[in-house]
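A short write-up of the structure that comes next.
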Amino acid sequence: MTRFSNVLNRLKHPIIQAPMAGGVVSSAMIAAVTKAGGLGSLPLGYLDAKATEDAVKKTVAATSGPFSVNVFIPSPPKFISAEQMSQMLEHVNQYRQKLGLNDLTEAPFLQETSPETLIDIAVHHGVRIISFTFGTLSEETINRLHQADVVVIGTATTVNEGKLLQTLGCDAVIAQGFEAGGHRGGGYIENESGGEIGTMTLIPQMVDALNIPVIATGGIMDGRGIVAALTLGASAVQMGTAFLACKESLASELHKKTLLESPDNSTCITSAFTGKPVRGIKNAYIIETEKRFCDNELLAYPIQHQITKDFRAKANQSQMTQWASFWAGQGHRMSRPLTVAELMGKLSQEIQEETPNHRFTK
Ligand SMILES: Cc1cc2nc3c(=O)[nH]c(=O)nc-3n(C[C@H](O)[C@H](O)[C@H](O)COP(=O)(O)O)c2cc1C
């Protein structure tokens with residue numbers, strides 16, 4: 001019995017609610033997913049130690065079931081020239097002015113807490129499932145977590161990334177297809193770009209190459225998608241966009257409406273918002289920024305994120321879709337504005353309907 005199958009055995013449905021950093025996942029969402037027999041995930045991306053402690057305690061209080069926490073693994077900082085910075089500030093200030101915000105004269109100071117510190121806080125409060133994205137935890141950290149009985153899950157967008165995570169000792173790999181909403185989780189192997197491989201082709205290749213469980217993520221919106229992913233050999237699915245439109249989601253009403261109403265070809269992958277490729281709804285800011293700057297002229301993540309985040313939040317509040325950042329997967333139109341319990345009920349029913357004899361094999 002592997003550590004990850006212990007997690008699966010406790011689930012009624014092999015469904016993981018994706019961690020979604022940026023303030024959209026509520027403790028009510030995590031609790032409702034877990035109560036319905038899936039696995040809720042608390043994102044710790046962008047949080048410091050204090051906010052992590054508060055979020056973990058709040059989630060522990062909201063649910064009696066297990067949940068996972070997710071951390072970002074930062075890349076080494078990249079050099080940004082004074083000229084590059086001033087050009088980007090000038091660009092971003094145009095949007096700030098349109099939204100009534102003061103000009104930025106420098107990038108806001110950013111002190112990131114290490115993922116190991118955030119993980120230790122979560123483990124201290126009883127969390128026993130950790131996932132990570134954007135990079136890898138070290139073998140030492142993974143071993144240390146295993147000694148504390150913690151299940152460790154990494155994110156891969158190519159088979160090579162999956163193999164690296166397996167070699168480092170991960171208990172399972174989240175295989176992120178091209179359709180996925182939010183940031184791309186790969187691209188951390190030197191001299192290899194992250195994958196832009198669709199879920200349909202990534203999953204079987206990952207399953208064939210690895211001997212640890214594969215969790216499929218990207219574009220899975222309903223029972224058909226879940227059964228397809230399991231048929232391709234995935235042990236579970238991780239769904240993000242499907243939960244974004246739920247009642248318990250803290251995404252703005254405008255974000256939810258945009259997911260439900262935008263046509264199927266509305267998303268793109270862009271680095272214009274954060275300096276790191278992310279899938280979201282294409283809008284004027286993306287088009288104008290990509291026209292003016294090529295990818296290597298954008299500021300490296302997380303600086304580009306830091307200098308665009310105020311105007312994006314203000315645009316969201318001001319109903320200005322054209323300048324807001326609405327992360328969304330390619331399946332966004334299949335989102336359903338239900339409660340999490342209703343959505344989980346529908347998913348369960350659809351899984352049964354898709355395969356009358358389907359049994360979730362653990
Ligand atoms: C709004 C949003 C925020 C996300 N934030 C995170 C995150 O903090 N950590 C992470 O590992 N993945 C994050 N993701 C990616 C998801 O884990 C997952 O790969 C993706 O949602 C799957 O595609 P789908 O949205 O089509 O279901 C995010 C996705 C979305 C839509």
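To be explicit about the labels: the chains of the structure tokens are called A, B, and onward in the order shown, and within each one the residues are counted from 1, while ligands get numbers from 1 in the order they are shown.
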Show me which residues line ligand 1, defined as having an atom within 8 Å of a ligand atom where only C-alpha atoms and all ligand atoms count, and present them as JSON, numbers by chain. {"A": [18, 19, 20, 21, 22, 24, 43, 44, 45, 70, 71, 72, 131, 132, 133, 134, 155, 174, 176, 177, 179, 180, 181, 182, 183, 184, 185, 217, 218, 219, 220, 221, 238, 239, 240, 241, 242, 244, 279, 280, 326, 327, 328, 329, 330, 331, 332]}
Can those selected residues be exported to a file as a PDB file, in the first residue's frame so that it contains C-alpha atoms?
ATOM      1  CA  ALA A  18      -7.359  22.193  -7.072  1.00  0.00           C
ATOM      2  CA  PRO A  19      -5.520  24.593  -4.806  1.00  0.00           C
ATOM      3  CA  MET A  20      -6.143  28.031  -6.341  1.00  0.00           C
ATOM      4  CA  ALA A  21      -4.005  30.804  -4.869  1.00  0.00           C
ATOM      5  CA  GLY A  22      -5.150  34.393  -5.030  1.00  0.00           C
ATOM      6  CA  VAL A  24     -10.708  32.283  -4.457  1.00  0.00           C
ATOM      7  CA  PRO A  43      -3.420  27.093  -1.485  1.00  0.00           C
ATOM      8  CA  LEU A  44      -0.576  28.786   0.402  1.00  0.00           C
ATOM      9  CA  GLY A  45       0.853  30.612  -2.632  1.00  0.00           C
ATOM     10  CA  ASN A  70      -0.114  23.556  -1.720  1.00  0.00           C
ATOM     11  CA  VAL A  71       3.021  25.679  -1.962  1.00  0.00           C
ATOM     12  CA  PHE A  72       4.815  27.526  -4.744  1.00  0.00           C
ATOM     13  CA  SER A 131       1.458  19.388  -2.990  1.00  0.00           C
ATOM     14  CA  PHE A 132       3.776  21.802  -4.739  1.00  0.00           C
ATOM     15  CA  THR A 133       4.110  23.545  -8.085  1.00  0.00           C
ATOM     16  CA  PHE A 134       6.522  25.734 -10.158  1.00  0.00           C
ATOM     17  CA  THR A 155       3.335  18.977 -10.380  1.00  0.00           C
ATOM     18  CA  ILE A 174      -0.104  15.882 -10.740  1.00  0.00           C
ATOM     19  CA  GLN A 176      -0.969  19.221 -15.733  1.00  0.00           C
ATOM     20  CA  GLY A 177      -2.303  19.356 -19.265  1.00  0.00           C
ATOM     21  CA  GLU A 179      -5.948  23.061 -20.982  1.00  0.00           C
ATOM     22  CA  ALA A 180      -5.412  23.870 -17.310  1.00  0.00           C
ATOM     23  CA  GLY A 181      -6.476  27.198 -15.852  1.00  0.00           C
ATOM     24  CA  GLY A 182      -4.014  29.228 -13.803  1.00  0.00           C
ATOM     25  CA  HIS A 183      -0.239  29.088 -13.875  1.00  0.00           C
ATOM     26  CA  ARG A 184       1.726  26.434 -15.685  1.00  0.00           C
ATOM     27  CA  GLY A 185       3.365  24.335 -12.994  1.00  0.00           C
ATOM     28  CA  THR A 217      -5.474  17.959 -14.198  1.00  0.00           C
ATOM     29  CA  GLY A 218      -6.488  20.379 -16.940  1.00  0.00           C
ATOM     30  CA  GLY A 219      -9.863  20.769 -18.621  1.00  0.00           C
ATOM     31  CA  ILE A 220     -11.701  18.181 -16.514  1.00  0.00           C
ATOM     32  CA  MET A 221     -15.130  19.684 -15.886  1.00  0.00           C
ATOM     33  CA  GLN A 238      -7.645  17.560  -9.830  1.00  0.00           C
ATOM     34  CA  MET A 239     -10.266  20.102 -10.920  1.00  0.00           C
ATOM     35  CA  GLY A 240      -9.834  23.871 -10.641  1.00  0.00           C
ATOM     36  CA  THR A 241     -12.059  25.856 -12.999  1.00  0.00           C
ATOM     37  CA  ALA A 242     -15.053  23.593 -12.251  1.00  0.00           C
ATOM     38  CA  LEU A 244     -14.371  28.507  -9.498  1.00  0.00           C
ATOM     39  CA  ARG A 279      -4.030  30.533 -18.621  1.00  0.00           C
ATOM     40  CA  GLY A 280      -6.779  33.100 -18.309  1.00  0.00           C
ATOM     41  CA  PHE A 326      -9.442  36.085 -14.765  1.00  0.00           C
ATOM     42  CA  TRP A 327      -7.638  32.747 -14.614  1.00  0.00           C
ATOM     43  CA  ALA A 328      -9.666  30.085 -16.408  1.00  0.00           C
ATOM     44  CA  GLY A 329      -9.104  26.689 -17.981  1.00  0.00           C
ATOM     45  CA  GLN A 330     -10.213  25.875 -21.499  1.00  0.00           C
ATOM     46  CA  GLY A 331     -13.324  24.163 -20.157  1.00  0.00           C
ATOM     47  CA  HIS A 332     -14.600  27.303 -18.391  1.00  0.00           C
TER      48      HIS A 332
END
Let's see if you can do this: from backbone DSSP, list all helix (DSSP H, G or I) residues in region 82-170 of chain A, as number ranges by chain.
A: 82-98, 115-124, 139-147, 159-168
Near region 335-356 of chain A, 7 Å: region 158-255 of chain A residue rows, closest pairs, only C-alpha atoms, as CSV:
residue,atom,partner,partner_atom,distance
A:Met221,CA,A:Ser335,CA,6.8
A:Asp222,CA,A:Leu347,CA,5.9
A:Gly223,CA,A:Glu350,CA,4.5
A:Arg224,CA,A:Glu354,CA,6.3
A:Val227,CA,A:Ile351,CA,6.3
A:Thr241,CA,A:Ser335,CA,6.9
A:Ala242,CA,A:Ser335,CA,5.0
A:Ala245,CA,A:Pro337,CA,5.1
A:Cys246,CA,A:Pro337,CA,4.9
A:Lys247,CA,A:Thr339,CA,4.9
A:Glu248,CA,A:Thr339,CA,6.5
Atoms kept (N, CA and C atoms) for selection, written as a PDB file, in the first residue's frame:
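Printed below is part_23.pdb as written:
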ATOM      1  N   MET A 221     -14.023  18.850 -16.370  1.00  0.00           N
ATOM      2  CA  MET A 221     -15.130  19.684 -15.886  1.00  0.00           C
ATOM      3  C   MET A 221     -16.352  18.896 -15.441  1.00  0.00           C
ATOM      4  N   ASP A 222     -16.447  17.636 -15.858  1.00  0.00           N
ATOM      5  CA  ASP A 222     -17.649  16.869 -15.505  1.00  0.00           C
ATOM      6  C   ASP A 222     -17.315  15.379 -15.455  1.00  0.00           C
ATOM      7  N   GLY A 223     -18.371  14.573 -15.249  1.00  0.00           N
ATOM      8  CA  GLY A 223     -18.164  13.132 -15.117  1.00  0.00           C
ATOM      9  C   GLY A 223     -17.490  12.524 -16.342  1.00  0.00           C
ATOM     10  N   ARG A 224     -17.820  13.048 -17.532  1.00  0.00           N
ATOM     11  CA  ARG A 224     -17.188  12.506 -18.747  1.00  0.00           C
ATOM     12  C   ARG A 224     -15.683  12.679 -18.686  1.00  0.00           C
ATOM     13  N   VAL A 227     -14.130  10.282 -16.010  1.00  0.00           N
ATOM     14  CA  VAL A 227     -14.046   8.887 -16.471  1.00  0.00           C
ATOM     15  C   VAL A 227     -12.976   8.761 -17.560  1.00  0.00           C
ATOM     16  N   THR A 241     -11.050  24.960 -12.428  1.00  0.00           N
ATOM     17  CA  THR A 241     -12.059  25.856 -12.999  1.00  0.00           C
ATOM     18  C   THR A 241     -13.478  25.405 -12.626  1.00  0.00           C
ATOM     19  N   ALA A 242     -13.703  24.096 -12.568  1.00  0.00           N
ATOM     20  CA  ALA A 242     -15.053  23.593 -12.251  1.00  0.00           C
ATOM     21  C   ALA A 242     -15.529  24.106 -10.891  1.00  0.00           C
ATOM     22  N   ALA A 245     -16.686  28.577 -10.236  1.00  0.00           N
ATOM     23  CA  ALA A 245     -18.007  29.218 -10.348  1.00  0.00           C
ATOM     24  C   ALA A 245     -18.950  28.797  -9.224  1.00  0.00           C
ATOM     25  N   CYS A 246     -18.475  27.930  -8.328  1.00  0.00           N
ATOM     26  CA  CYS A 246     -19.344  27.453  -7.237  1.00  0.00           C
ATOM     27  C   CYS A 246     -19.695  28.579  -6.269  1.00  0.00           C
ATOM     28  N   LYS A 247     -20.778  28.390  -5.544  1.00  0.00           N
ATOM     29  CA  LYS A 247     -21.239  29.400  -4.576  1.00  0.00           C
ATOM     30  C   LYS A 247     -20.167  29.672  -3.514  1.00  0.00           C
ATOM     31  N   GLU A 248     -19.448  28.641  -3.088  1.00  0.00           N
ATOM     32  CA  GLU A 248     -18.442  28.812  -2.023  1.00  0.00           C
ATOM     33  C   GLU A 248     -17.160  29.457  -2.532  1.00  0.00           C
TER      34      GLU A 248
END
Discussion item. Residues near Gly275 (chain A), anyone? I mean within 12 Å using only C-alpha atoms, not counting same-chain ones fewer than 5 positions away, as a PyMOL selection string.
Written reply: chain A and resi 75+77-78+80+88+183-184+269-270+286+289-290+293-309
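For the residues A:Ser81, A:Ser68, A:Thr167, A:Thr157, ranking by smallest atom-to-atom distance to Ile16 (chain A) using only C-alpha atoms places A:Ser68 first.
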>> Ranking A:Gln97, A:Val237, A:Ile73, A:Trp323 by minimum distance to His13 (chain A) and counting only C-alpha atoms, which one comes first?
In response: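 Looking at the shortest contact to His13 (chain A), the residue is A:Val237.
The protein and nucleic acid residues lying at most 6 Å from Phe67 (chain A) are A:Leu39, A:Gly40, A:Ser41, with only C-alpha atoms considered and sequence neighbours fewer than 4 positions away removed.
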Dump as a JSON list (two decimals), in the first residue's frame, selection limited to C-alpha atoms:
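The result, written out as again21.json:
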[["chain", "number", "residue", "atom", "x", "y", "z"],
["A", 39, "LEU", "CA", -10.15, 16.04, -1.26],
["A", 40, "GLY", "CA", -10.11, 19.78, -0.67],
["A", 41, "SER", "CA", -6.87, 21.74, -1.12]]
